[in-house]
>>> print(open('model.tsv').read())   # TSV, C-alpha atoms
chain	number	residue	atom	x	y	z
A	203	MET	CA	43.59	179.86	39.84
A	204	SER	CA	42.03	182.96	41.36
A	205	SER	CA	39.14	180.83	42.70
A	206	ALA	CA	41.58	178.50	44.48
A	207	ILE	CA	43.41	181.47	46.05
A	208	TYR	CA	40.10	182.98	47.17
A	209	THR	CA	39.00	179.66	48.73
A	210	ARG	CA	42.32	179.24	50.52
A	211	ARG	CA	42.09	182.75	51.91
A	212	ARG	CA	38.55	182.17	53.14
A	213	ILE	CA	39.61	178.94	54.88
A	214	THR	CA	42.64	180.65	56.43
A	215	ASN	CA	40.48	183.53	57.61
A	216	ALA	CA	37.90	181.17	59.10
A	217	VAL	CA	40.56	179.16	60.96
A	218	ALA	CA	42.14	182.35	62.31
A	219	MET	CA	38.75	183.65	63.47
A	220	VAL	CA	37.92	180.37	65.22
A	221	LEU	CA	41.29	180.19	66.98
A	222	SER	CA	41.17	183.84	68.06
A	223	SER	CA	37.59	183.41	69.32
A	224	ILE	CA	38.58	180.34	71.33
A	225	ALA	CA	41.56	182.21	72.82
A	226	THR	CA	39.27	185.14	73.73
A	227	VAL	CA	36.72	182.87	75.39
A	228	ILE	CA	39.44	181.07	77.39
A	229	GLY	CA	40.85	184.39	78.58
A	230	LEU	CA	37.41	185.68	79.59
A	231	VAL	CA	36.59	182.44	81.41
A	232	PHE	CA	39.74	182.61	83.51
A	233	LEU	CA	39.21	186.33	84.17
A	234	ALA	CA	35.63	185.70	85.31
A	235	TRP	CA	36.84	182.80	87.47
A	236	ILE	CA	39.47	184.97	89.16
A	237	LEU	CA	36.96	187.76	89.77
A	238	TRP	CA	34.38	185.34	91.16
A	239	VAL	CA	36.84	183.74	93.58
A	240	THR	CA	38.10	187.16	94.74
A	241	VAL	CA	34.61	188.57	95.25
A	242	SER	CA	33.14	185.47	96.91
A	243	ASN	CA	36.01	185.22	99.39
A	244	GLY	CA	36.51	188.90	100.08
A	245	ILE	CA	32.98	190.27	100.25
A	246	SER	CA	32.40	188.87	103.75
A	247	ALA	CA	35.20	190.99	105.28
A	248	LEU	CA	34.43	194.11	103.24
A	249	ASN	CA	32.87	196.27	105.94
A	250	LEU	CA	33.37	199.58	107.72
A	251	LYS	CA	35.89	198.05	110.14
A	252	LEU	CA	38.19	197.35	107.21
A	253	PHE	CA	38.54	201.10	106.57
A	254	THR	CA	38.58	202.36	110.16
A	255	ARG	CA	40.83	199.93	112.07
A	256	ILE	CA	44.53	199.25	111.69
A	257	THR	CA	46.30	195.94	111.21
A	258	ALA	CA	47.67	195.99	114.78
A	259	TYR	CA	44.30	194.63	115.99
A	260	GLY	CA	44.90	191.37	114.10
A	261	ALA	CA	41.79	189.38	113.28
A	262	ASP	CA	39.61	192.13	114.79
A	263	GLY	CA	41.38	194.85	112.83
A	264	GLY	CA	41.27	196.34	109.37
A	265	LEU	CA	43.45	197.79	106.67
A	266	SER	CA	43.16	201.53	107.24
A	267	ASN	CA	46.89	202.06	107.80
A	268	ALA	CA	47.72	199.83	104.84
A	269	ILE	CA	45.30	201.73	102.58
A	270	VAL	CA	46.78	205.10	103.59
A	271	GLY	CA	50.31	203.77	103.13
A	272	SER	CA	49.58	202.29	99.69
A	273	LEU	CA	47.91	205.46	98.44
A	274	GLY	CA	50.77	207.61	99.72
A	275	MET	CA	53.51	205.49	98.16
A	276	ASP	CA	51.66	205.02	94.87
A	277	LEU	CA	51.03	208.75	94.48
A	278	LEU	CA	54.61	209.61	95.42
A	279	ALA	CA	55.87	207.03	92.93
A	280	LEU	CA	53.70	208.59	90.21
A	281	LEU	CA	55.05	212.05	91.04
A	282	ILE	CA	58.53	210.65	90.51
A	283	CYS	CA	58.07	208.47	87.42
A	284	ALA	CA	55.29	210.21	85.46
A	285	PRO	CA	57.18	213.44	84.55
A	286	ILE	CA	60.40	211.54	83.82
A	287	GLY	CA	58.58	208.89	81.80
A	288	VAL	CA	56.59	211.39	79.71
A	289	LEU	CA	59.67	213.50	78.99
A	290	ALA	CA	61.77	210.45	78.13
A	291	GLY	CA	59.07	209.04	75.86
A	292	THR	CA	58.71	212.42	74.15
A	293	TYR	CA	62.45	212.56	73.54
A	294	LEU	CA	62.45	209.09	72.03
A	295	ALA	CA	59.51	209.80	69.73
A	296	GLU	CA	60.41	213.31	68.57
A	297	TYR	CA	64.16	213.77	68.91
A	298	ALA	CA	65.70	210.29	68.79
A	299	ALA	CA	63.19	208.34	66.73
A	300	THR	CA	65.70	206.83	64.33
A	301	SER	CA	69.03	207.47	66.06
A	302	ARG	CA	71.28	204.81	67.54
A	303	LEU	CA	70.94	206.46	70.97
A	304	GLY	CA	67.16	206.16	70.78
A	305	ALA	CA	67.38	202.48	69.86
A	306	THR	CA	69.74	201.89	72.80
A	307	ILE	CA	67.41	203.68	75.22
A	308	ARG	CA	64.43	201.66	73.97
A	309	PHE	CA	66.38	198.43	74.43
A	310	LEU	CA	67.36	199.35	77.99
A	311	ASN	CA	63.79	200.44	78.72
A	312	ASP	CA	62.51	197.05	77.52
A	313	ILE	CA	64.96	195.32	79.85
A	314	LEU	CA	63.75	197.45	82.76
A	315	LEU	CA	60.14	196.74	81.75
A	316	SER	CA	60.70	192.98	81.94
A	317	ALA	CA	62.91	193.01	85.04
A	318	PRO	CA	61.46	191.15	88.06
A	319	SER	CA	60.08	193.60	90.59
A	320	ILE	CA	61.97	191.91	93.43
A	321	VAL	CA	65.25	192.75	91.65
A	322	LEU	CA	64.27	196.42	91.56
A	323	GLY	CA	63.36	196.23	95.23
A	324	LEU	CA	66.78	194.80	96.08
A	325	PHE	CA	68.42	197.52	93.98
A	326	VAL	CA	66.62	200.26	95.93
A	327	TYR	CA	67.45	198.46	99.16
A	328	VAL	CA	71.16	198.71	98.30
A	329	ILE	CA	71.19	202.31	97.06
A	330	VAL	CA	68.62	203.86	99.43
A	331	VAL	CA	67.85	201.74	102.49
A	332	VAL	CA	71.42	200.67	103.31
A	333	PRO	CA	72.95	204.19	103.03
A	334	MET	CA	70.15	205.63	105.16
A	335	SER	CA	70.77	202.86	107.68
A	336	ASN	CA	74.43	203.85	107.94
A	337	VAL	CA	73.43	207.44	108.61
A	338	THR	CA	71.13	206.33	111.44
A	339	HIS	CA	73.91	204.43	113.26
A	340	GLY	CA	73.13	200.93	112.05
A	341	ALA	CA	69.34	200.86	112.39
A	342	VAL	CA	67.76	199.54	109.18
A	343	SER	CA	65.94	202.53	107.67
A	344	PHE	CA	63.02	201.05	105.79
A	345	SER	CA	60.80	203.91	104.65
A	346	GLY	CA	57.89	204.90	102.47
A	347	VAL	CA	60.25	206.99	100.34
A	348	ALA	CA	62.31	203.91	99.52
A	349	GLY	CA	59.13	202.03	98.66
A	350	ALA	CA	57.97	204.87	96.40
A	351	ILE	CA	61.33	204.91	94.59
A	352	ALA	CA	61.10	201.15	93.99
A	353	LEU	CA	57.56	201.53	92.65
A	354	ALA	CA	58.65	204.45	90.47
A	355	LEU	CA	61.29	202.24	88.83
A	356	ILE	CA	58.55	199.74	88.03
A	357	GLY	CA	56.15	202.32	86.59
A	358	LEU	CA	58.77	204.33	84.67
A	359	PRO	CA	59.30	201.95	81.71
A	360	VAL	CA	55.54	201.54	81.26
A	361	ILE	CA	55.06	205.30	80.90
A	362	VAL	CA	58.12	205.69	78.66
A	363	ARG	CA	56.95	202.96	76.28
A	364	THR	CA	53.35	204.22	76.16
A	365	THR	CA	54.32	207.85	75.61
A	366	ASP	CA	56.77	206.89	72.87
A	367	GLU	CA	54.23	204.77	71.02
A	368	MET	CA	51.34	207.23	71.39
A	369	LEU	CA	53.38	210.12	70.00
A	370	GLN	CA	54.51	207.99	67.07
A	371	LEU	CA	50.86	207.30	66.26
A	372	VAL	CA	50.14	211.02	65.80
A	373	PRO	CA	49.79	211.66	62.03
A	374	GLY	CA	52.84	213.18	60.40
A	375	SER	CA	50.61	215.72	58.65
A	376	LEU	CA	50.17	217.53	61.97
A	377	ARG	CA	53.92	217.91	62.30
A	378	GLU	CA	54.30	219.10	58.70
A	379	ALA	CA	51.44	221.59	59.01
A	380	ALA	CA	52.79	223.08	62.24
A	381	LEU	CA	56.38	223.29	60.99
A	382	SER	CA	55.22	224.91	57.74
A	383	LEU	CA	53.69	227.71	59.81
A	384	GLY	CA	57.06	228.35	61.45
A	385	ILE	CA	56.16	226.90	64.87
A	386	PRO	CA	59.28	225.97	66.89
A	387	GLN	CA	59.89	222.28	67.58
A	388	TRP	CA	59.32	222.60	71.34
A	389	LYS	CA	56.00	224.38	70.84
A	390	LEU	CA	54.96	221.79	68.23
A	391	THR	CA	55.73	219.00	70.70
A	392	VAL	CA	53.99	220.59	73.70
A	393	GLN	CA	50.98	222.28	72.15
A	394	VAL	CA	50.19	220.02	69.19
A	395	LEU	CA	51.62	216.52	69.52
A	396	MET	CA	51.25	215.99	73.27
A	397	ARG	CA	47.74	217.44	73.16
A	398	ALA	CA	46.81	215.01	70.38
A	399	ALA	CA	48.27	212.09	72.36
A	400	THR	CA	46.95	213.15	75.77
A	401	SER	CA	44.49	210.26	76.11
A	402	GLY	CA	47.14	207.65	75.27
A	403	ILE	CA	49.74	209.18	77.58
A	404	LEU	CA	47.27	209.39	80.46
A	405	THR	CA	46.25	205.80	79.79
A	406	GLY	CA	49.89	204.78	80.17
A	407	VAL	CA	50.14	206.62	83.48
A	408	LEU	CA	47.01	204.88	84.74
A	409	LEU	CA	48.33	201.50	83.58
A	410	ALA	CA	51.47	202.17	85.58
A	411	LEU	CA	49.36	203.09	88.62
A	412	ALA	CA	47.33	199.89	88.24
A	413	ARG	CA	50.53	197.84	88.21
A	414	LEU	CA	51.95	199.67	91.23
A	415	ALA	CA	48.81	199.02	93.26
A	416	GLY	CA	49.47	195.27	93.42
A	417	GLU	CA	53.25	195.13	93.84
A	418	THR	CA	54.43	193.30	96.96
A	419	ALA	CA	58.01	192.04	96.55
A	420	PRO	CA	59.80	195.42	96.23
A	421	LEU	CA	57.97	196.80	99.26
A	422	LEU	CA	59.23	193.97	101.48
A	423	PHE	CA	62.79	195.28	101.00
A	424	THR	CA	62.01	199.00	101.07
A	425	ALA	CA	58.90	200.06	103.02
A	426	PHE	CA	58.81	196.74	104.93
A	427	GLY	CA	55.45	197.32	106.61
A	428	ASN	CA	53.95	198.78	109.76
A	429	ASN	CA	51.08	197.61	111.94
A	430	PHE	CA	50.29	201.17	113.01
A	431	MET	CA	49.18	204.31	111.23
A	432	THR	CA	52.05	206.48	110.05
A	433	TYR	CA	52.07	209.61	107.95
A	434	SER	CA	55.83	210.09	107.77
A	435	PRO	CA	57.39	208.98	104.46
A	436	LEU	CA	60.70	208.42	106.28
A	437	SER	CA	59.39	205.64	108.52
A	438	LYS	CA	58.26	202.06	107.90
A	439	THR	CA	55.04	202.18	105.93
A	440	ALA	CA	52.22	199.68	105.67
A	441	SER	CA	50.71	198.71	102.33
A	442	VAL	CA	47.78	196.59	101.22
A	443	PRO	CA	49.85	194.08	99.15
A	444	VAL	CA	52.27	193.47	102.03
A	445	ALA	CA	49.36	193.09	104.47
A	446	ILE	CA	47.80	190.52	102.13
A	447	TYR	CA	51.10	188.65	101.96
A	448	GLN	CA	51.43	188.60	105.75
A	449	TYR	CA	47.84	187.56	106.39
A	450	THR	CA	47.88	184.72	103.88
A	451	ASN	CA	50.87	183.22	105.71
A	452	ASP	CA	48.93	183.18	108.98
A	453	PRO	CA	46.86	180.10	109.90
A	454	ASN	CA	43.98	182.23	111.24
A	455	PRO	CA	40.98	182.02	108.85
A	456	ALA	CA	39.80	185.49	109.97
A	457	LEU	CA	43.05	186.99	108.69
A	458	HIS	CA	42.61	185.10	105.43
A	459	ALA	CA	39.22	186.81	105.01
A	460	ILE	CA	40.85	190.23	105.53
A	461	ALA	CA	43.50	189.31	102.97
A	462	TRP	CA	40.81	188.43	100.44
A	463	ALA	CA	39.08	191.72	101.22
A	464	GLY	CA	42.36	193.54	100.53
A	465	ALA	CA	42.69	191.74	97.20
A	466	LEU	CA	39.13	192.71	96.38
A	467	LEU	CA	39.90	196.35	97.24
A	468	ILE	CA	42.84	196.41	94.83
A	469	THR	CA	40.69	194.81	92.12
A	470	LEU	CA	37.88	197.33	92.63
A	471	PHE	CA	40.39	200.19	92.66
A	472	VAL	CA	41.86	199.18	89.30
A	473	LEU	CA	38.38	198.58	87.86
A	474	ALA	CA	37.11	201.97	89.06
A	475	LEU	CA	40.22	203.65	87.68
A	476	SER	CA	39.65	202.12	84.26
A	477	LEU	CA	35.94	202.96	84.19
A	478	LEU	CA	36.47	206.58	85.28
A	479	THR	CA	39.15	207.03	82.65
A	480	ARG	CA	36.92	205.67	79.89
A	481	LEU	CA	34.01	207.84	81.08
A	482	PHE	CA	36.22	210.94	81.16
A	483	PHE	CA	37.57	210.45	77.65
A	484	SER	CA	34.18	209.49	76.22
A	485	ARG	CA	32.65	212.72	77.56
A	486	LYS	CA	35.62	214.71	76.32
A	487	LYS	CA	35.23	213.19	72.84
A	488	VAL	CA	31.50	213.95	72.79
A	489	SER	CA	32.12	217.57	73.84
A	490	HIS	CA	34.67	218.00	71.02
A	491	ASP	CA	32.30	216.47	68.48
>>> encode(input="model.tsv", output="structure tokens")
Amino acid sequence: MSSAIYTRRRITNAVAMVLSSIATVIGLVFLAWILWVTVSNGISALNLKLFTRITAYGADGGLSNAIVGSLGMDLLALLICAPIGVLAGTYLAEYAATSRLGATIRFLNDILLSAPSIVLGLFVYVIVVVPMSNVTHGAVSFSGVAGAIALALIGLPVIVRTTDEMLQLVPGSLREAALSLGIPQWKLTVQVLMRAATSGILTGVLLALARLAGETAPLLFTAFGNNFMTYSPLSKTASVPVAIYQYTNDPNPALHAIAWAGALLITLFVLALSLLTRLFFSRKKVSHD
């Protein structure tokens, strides 16, 4: 009897390994295919002109204003959503872990996490762009601030979920040891638990930034776009995803090449962000060891 159970388990394990290996290979093949197409089409337009000229020059231009606009809105969005997301995730993990309120907040956060980005863009358009337009006597007030708010709503649930889960993974023995020494709850949370979960929380923030870097739909209703360089967050702001969207709709092949170069820039940015994060934490772990 035991031999039959052992054989069945070995067969089940082998089938699961084969299926998971096939799924992994399929995923890697498609990932390599996407990277190859992006690199092969975008490398030709990846030159100095791309970083020094603005989109107003058309096929002879670059993406400098779009790069500055994207960086500005992404960083502003992180300044908005990162503190709120970390605090909300900390509250869920440490103060409302098993309460009905915590379960309700997690449910609403999951809904926000799965909400289409264009819906969030329309929401910000209604609550930010339209009221600002009324103040400016009817002129539609698209702005970088509105774009940053829309991006912050997209990144917020990612940070909340990651912070919540990373803090829950911290061993309970750390909590018990700190509380047995008479450490207040707030000091336990800040100095012990959040320090232990720093790498996971920061990973969640970087994941949110990686998602924000490629969002297009919400920016069409909030920041709108601008063919010229602008440093004011209260004016229309260019972004790389919107520039890619506009250039791919143009029949000019030269603009298509710039669009591919923009896509390659976003890919390289996310890749560099991931590699730098891994390098930072690997060095930090070695120094602690």
>>> residues_around(input="model.tsv", residues="range 254-256 of chain A", least_positions_apart="5", cutoff="7 Å", atoms="only C-alpha atoms", output="ChimeraX atom specification")
/A:263-267,429-431
>>> write_last_selection(input="model.tsv", atoms="C-alpha atoms", output="PDB file, in the coordinates of the input")
ATOM      1  CA  GLY A 263      41.380 194.850 112.830  1.00  0.00           C
ATOM      2  CA  GLY A 264      41.270 196.340 109.370  1.00  0.00           C
ATOM      3  CA  LEU A 265      43.450 197.790 106.670  1.00  0.00           C
ATOM      4  CA  SER A 266      43.160 201.530 107.240  1.00  0.00           C
ATOM      5  CA  ASN A 267      46.890 202.060 107.800  1.00  0.00           C
ATOM      6  CA  ASN A 429      51.080 197.610 111.940  1.00  0.00           C
ATOM      7  CA  PHE A 430      50.290 201.170 113.010  1.00  0.00           C
ATOM      8  CA  MET A 431      49.180 204.310 111.230  1.00  0.00           C
TER       9      MET A 431
END
>>> atom_distance(input="model.tsv", atom1="CA of Tyr293 in chain A", atom2="CA of Phe309 in chain A")
14.7 Å
>>> residues_around(input="model.tsv", residues="Val239 in chain A", least_positions_apart="4", cutoff="10 Å", atoms="all atoms listed in the file", output="PyMOL selection string")
chain A and resi 234-235+243-244+462+466
>>> atom_distance(input="model.tsv", atom1="CA of Val326 in chain A", atom2="CA of Arg308 in chain A")
22.1 Å
>>> closest_atom_pairs(input="model.tsv", of="range 240-338 of chain A", to="range 386-399 of chain A", cutoff="12 Å", atoms="all atoms listed in the file", output="JSON lines")
{"residue": "A:Val288", "atom": "CA", "partner": "A:Met396", "partner_atom": "CA", "distance": 9.5}
{"residue": "A:Leu289", "atom": "CA", "partner": "A:Met396", "partner_atom": "CA", "distance": 10.5}
{"residue": "A:Gly291", "atom": "CA", "partner": "A:Met396", "partner_atom": "CA", "distance": 10.8}
{"residue": "A:Thr292", "atom": "CA", "partner": "A:Thr391", "partner_atom": "CA", "distance": 8.0}
{"residue": "A:Tyr293", "atom": "CA", "partner": "A:Thr391", "partner_atom": "CA", "distance": 9.7}
{"residue": "A:Ala295", "atom": "CA", "partner": "A:Thr391", "partner_atom": "CA", "distance": 10.0}
{"residue": "A:Glu296", "atom": "CA", "partner": "A:Thr391", "partner_atom": "CA", "distance": 7.7}
{"residue": "A:Tyr297", "atom": "CA", "partner": "A:Gln387", "partner_atom": "CA", "distance": 9.6}
>>> write_last_selection(input="model.tsv", atoms="C-alpha atoms", output="compact mmCIF listing (two decimals), in the frame of the given file")
# COMPACT_ATOMS: atom_id res chain seq x y z
CA VAL A 288 56.59 211.39 79.71
CA LEU A 289 59.67 213.50 78.99
CA GLY A 291 59.07 209.04 75.86
CA THR A 292 58.71 212.42 74.15
CA TYR A 293 62.45 212.56 73.54
CA ALA A 295 59.51 209.80 69.73
CA GLU A 296 60.41 213.31 68.57
CA TYR A 297 64.16 213.77 68.91
>>> closest_residue(input="model.tsv", among="A:Pro359, A:Arg377, A:Phe426, A:Ala298", to="Ala317 in chain A", atoms="only C-alpha atoms")
A:Pro359
>>> closest_residue(input="model.tsv", among="A:Leu303, A:Ala425, A:Leu409, A:Val362", to="Gly349 in chain A", atoms="only C-alpha atoms")
A:Ala425
>>> decode(input="model.tsv", residues="range 215-315 of chain A", atoms="C-alpha atoms", output="PDB file, in the first residue's frame")
ATOM      1  CA  ASN A 215       5.576  15.208  -8.741  1.00  0.00           C
ATOM      2  CA  ALA A 216       7.117  14.406 -12.125  1.00  0.00           C
ATOM      3  CA  VAL A 217       4.014  15.599 -14.010  1.00  0.00           C
ATOM      4  CA  ALA A 218       3.923  18.817 -11.977  1.00  0.00           C
ATOM      5  CA  MET A 219       7.631  19.447 -12.643  1.00  0.00           C
ATOM      6  CA  VAL A 220       7.216  18.869 -16.378  1.00  0.00           C
ATOM      7  CA  LEU A 221       4.189  21.161 -16.631  1.00  0.00           C
ATOM      8  CA  SER A 222       5.818  23.915 -14.574  1.00  0.00           C
ATOM      9  CA  SER A 223       9.014  23.653 -16.641  1.00  0.00           C
ATOM     10  CA  ILE A 224       7.039  23.926 -19.876  1.00  0.00           C
ATOM     11  CA  ALA A 225       5.162  26.968 -18.536  1.00  0.00           C
ATOM     12  CA  THR A 226       8.477  28.567 -17.518  1.00  0.00           C
ATOM     13  CA  VAL A 227      10.040  27.955 -20.923  1.00  0.00           C
ATOM     14  CA  ILE A 228       6.980  29.388 -22.714  1.00  0.00           C
ATOM     15  CA  GLY A 229       7.082  32.501 -20.540  1.00  0.00           C
ATOM     16  CA  LEU A 230      10.821  32.987 -21.133  1.00  0.00           C
ATOM     17  CA  VAL A 231      10.416  32.487 -24.886  1.00  0.00           C
ATOM     18  CA  PHE A 232       7.753  35.178 -25.141  1.00  0.00           C
ATOM     19  CA  LEU A 233       9.760  37.506 -22.884  1.00  0.00           C
ATOM     20  CA  ALA A 234      12.866  37.047 -25.040  1.00  0.00           C
ATOM     21  CA  TRP A 235      10.769  37.592 -28.168  1.00  0.00           C
ATOM     22  CA  ILE A 236       9.338  40.854 -26.824  1.00  0.00           C
ATOM     23  CA  LEU A 237      12.785  42.079 -25.783  1.00  0.00           C
ATOM     24  CA  TRP A 238      14.289  41.158 -29.150  1.00  0.00           C
ATOM     25  CA  VAL A 239      11.574  42.959 -31.122  1.00  0.00           C
ATOM     26  CA  THR A 240      11.864  46.055 -28.897  1.00  0.00           C
ATOM     27  CA  VAL A 241      15.656  46.194 -29.109  1.00  0.00           C
ATOM     28  CA  SER A 242      15.890  45.453 -32.840  1.00  0.00           C
ATOM     29  CA  ASN A 243      13.339  48.136 -33.719  1.00  0.00           C
ATOM     30  CA  GLY A 244      14.389  50.775 -31.225  1.00  0.00           C
ATOM     31  CA  ILE A 245      18.177  50.605 -31.282  1.00  0.00           C
ATOM     32  CA  SER A 246      18.404  52.488 -34.586  1.00  0.00           C
ATOM     33  CA  ALA A 247      16.797  55.646 -33.127  1.00  0.00           C
ATOM     34  CA  LEU A 248      18.584  55.442 -29.778  1.00  0.00           C
ATOM     35  CA  ASN A 249      21.058  58.284 -30.206  1.00  0.00           C
ATOM     36  CA  LEU A 250      22.037  61.597 -28.644  1.00  0.00           C
ATOM     37  CA  LYS A 251      19.305  63.454 -30.543  1.00  0.00           C
ATOM     38  CA  LEU A 252      16.705  61.417 -28.679  1.00  0.00           C
ATOM     39  CA  PHE A 253      17.824  62.992 -25.379  1.00  0.00           C
ATOM     40  CA  THR A 254      18.545  66.529 -26.573  1.00  0.00           C
ATOM     41  CA  ARG A 255      15.660  67.423 -28.910  1.00  0.00           C
ATOM     42  CA  ILE A 256      11.981  67.842 -28.172  1.00  0.00           C
ATOM     43  CA  THR A 257       9.013  66.223 -29.884  1.00  0.00           C
ATOM     44  CA  ALA A 258       8.037  69.493 -31.596  1.00  0.00           C
ATOM     45  CA  TYR A 259      10.667  68.762 -34.276  1.00  0.00           C
ATOM     46  CA  GLY A 260       8.698  65.705 -35.433  1.00  0.00           C
ATOM     47  CA  ALA A 261      10.695  63.092 -37.300  1.00  0.00           C
ATOM     48  CA  ASP A 262      13.890  65.123 -36.741  1.00  0.00           C
ATOM     49  CA  GLY A 263      13.199  65.510 -33.034  1.00  0.00           C
ATOM     50  CA  GLY A 264      13.646  63.501 -29.878  1.00  0.00           C
ATOM     51  CA  LEU A 265      12.024  62.747 -26.565  1.00  0.00           C
ATOM     52  CA  SER A 266      13.815  65.093 -24.175  1.00  0.00           C
ATOM     53  CA  ASN A 267      10.653  66.906 -23.077  1.00  0.00           C
ATOM     54  CA  ALA A 268       8.793  63.608 -22.749  1.00  0.00           C
ATOM     55  CA  ILE A 269      11.600  62.099 -20.644  1.00  0.00           C
ATOM     56  CA  VAL A 270      11.652  65.113 -18.303  1.00  0.00           C
ATOM     57  CA  GLY A 271       7.858  65.071 -18.044  1.00  0.00           C
ATOM     58  CA  SER A 272       7.692  61.339 -17.306  1.00  0.00           C
ATOM     59  CA  LEU A 273      10.384  61.528 -14.634  1.00  0.00           C
ATOM     60  CA  GLY A 274       8.706  64.514 -12.993  1.00  0.00           C
ATOM     61  CA  MET A 275       5.250  62.946 -12.887  1.00  0.00           C
ATOM     62  CA  ASP A 276       6.528  59.538 -11.787  1.00  0.00           C
ATOM     63  CA  LEU A 277       8.550  61.011  -8.926  1.00  0.00           C
ATOM     64  CA  LEU A 278       5.672  63.259  -7.849  1.00  0.00           C
ATOM     65  CA  ALA A 279       3.325  60.275  -7.951  1.00  0.00           C
ATOM     66  CA  LEU A 280       5.728  58.299  -5.749  1.00  0.00           C
ATOM     67  CA  LEU A 281       5.924  61.179  -3.277  1.00  0.00           C
ATOM     68  CA  ILE A 282       2.141  61.024  -3.040  1.00  0.00           C
ATOM     69  CA  CYS A 283       1.482  57.281  -2.959  1.00  0.00           C
ATOM     70  CA  ALA A 284       4.577  55.831  -1.248  1.00  0.00           C
ATOM     71  CA  PRO A 285       4.054  57.356   2.252  1.00  0.00           C
ATOM     72  CA  ILE A 286       0.308  56.709   2.154  1.00  0.00           C
ATOM     73  CA  GLY A 287       0.776  53.166   0.862  1.00  0.00           C
ATOM     74  CA  VAL A 288       3.439  52.236   3.441  1.00  0.00           C
ATOM     75  CA  LEU A 289       1.401  53.674   6.317  1.00  0.00           C
ATOM     76  CA  ALA A 290      -1.795  51.988   5.117  1.00  0.00           C
ATOM     77  CA  GLY A 291      -0.037  48.641   4.668  1.00  0.00           C
ATOM     78  CA  THR A 292       1.506  48.964   8.128  1.00  0.00           C
ATOM     79  CA  TYR A 293      -1.905  49.639   9.640  1.00  0.00           C
ATOM     80  CA  LEU A 294      -3.387  46.601   7.933  1.00  0.00           C
ATOM     81  CA  ALA A 295      -0.582  44.284   9.034  1.00  0.00           C
ATOM     82  CA  GLU A 296      -0.103  45.477  12.612  1.00  0.00           C
ATOM     83  CA  TYR A 297      -3.331  47.085  13.794  1.00  0.00           C
ATOM     84  CA  ALA A 298      -6.127  45.592  11.679  1.00  0.00           C
ATOM     85  CA  ALA A 299      -4.747  42.196  10.753  1.00  0.00           C
ATOM     86  CA  THR A 300      -7.820  40.210  11.745  1.00  0.00           C
ATOM     87  CA  SER A 301     -10.487  42.890  12.118  1.00  0.00           C
ATOM     88  CA  ARG A 302     -13.491  43.327   9.853  1.00  0.00           C
ATOM     89  CA  LEU A 303     -12.278  46.831   8.951  1.00  0.00           C
ATOM     90  CA  GLY A 304      -8.950  45.424   7.788  1.00  0.00           C
ATOM     91  CA  ALA A 305     -10.679  42.814   5.634  1.00  0.00           C
ATOM     92  CA  THR A 306     -12.860  45.533   4.085  1.00  0.00           C
ATOM     93  CA  ILE A 307      -9.840  47.732   3.336  1.00  0.00           C
ATOM     94  CA  ARG A 308      -8.002  44.799   1.738  1.00  0.00           C
ATOM     95  CA  PHE A 309     -11.036  44.029  -0.414  1.00  0.00           C
ATOM     96  CA  LEU A 310     -11.309  47.638  -1.585  1.00  0.00           C
ATOM     97  CA  ASN A 311      -7.562  47.761  -2.200  1.00  0.00           C
ATOM     98  CA  ASP A 312      -7.810  44.642  -4.381  1.00  0.00           C
ATOM     99  CA  ILE A 313     -10.575  46.298  -6.389  1.00  0.00           C
ATOM    100  CA  LEU A 314      -8.411  49.394  -6.879  1.00  0.00           C
ATOM    101  CA  LEU A 315      -5.460  47.164  -7.807  1.00  0.00           C
TER     102      LEU A 315
END
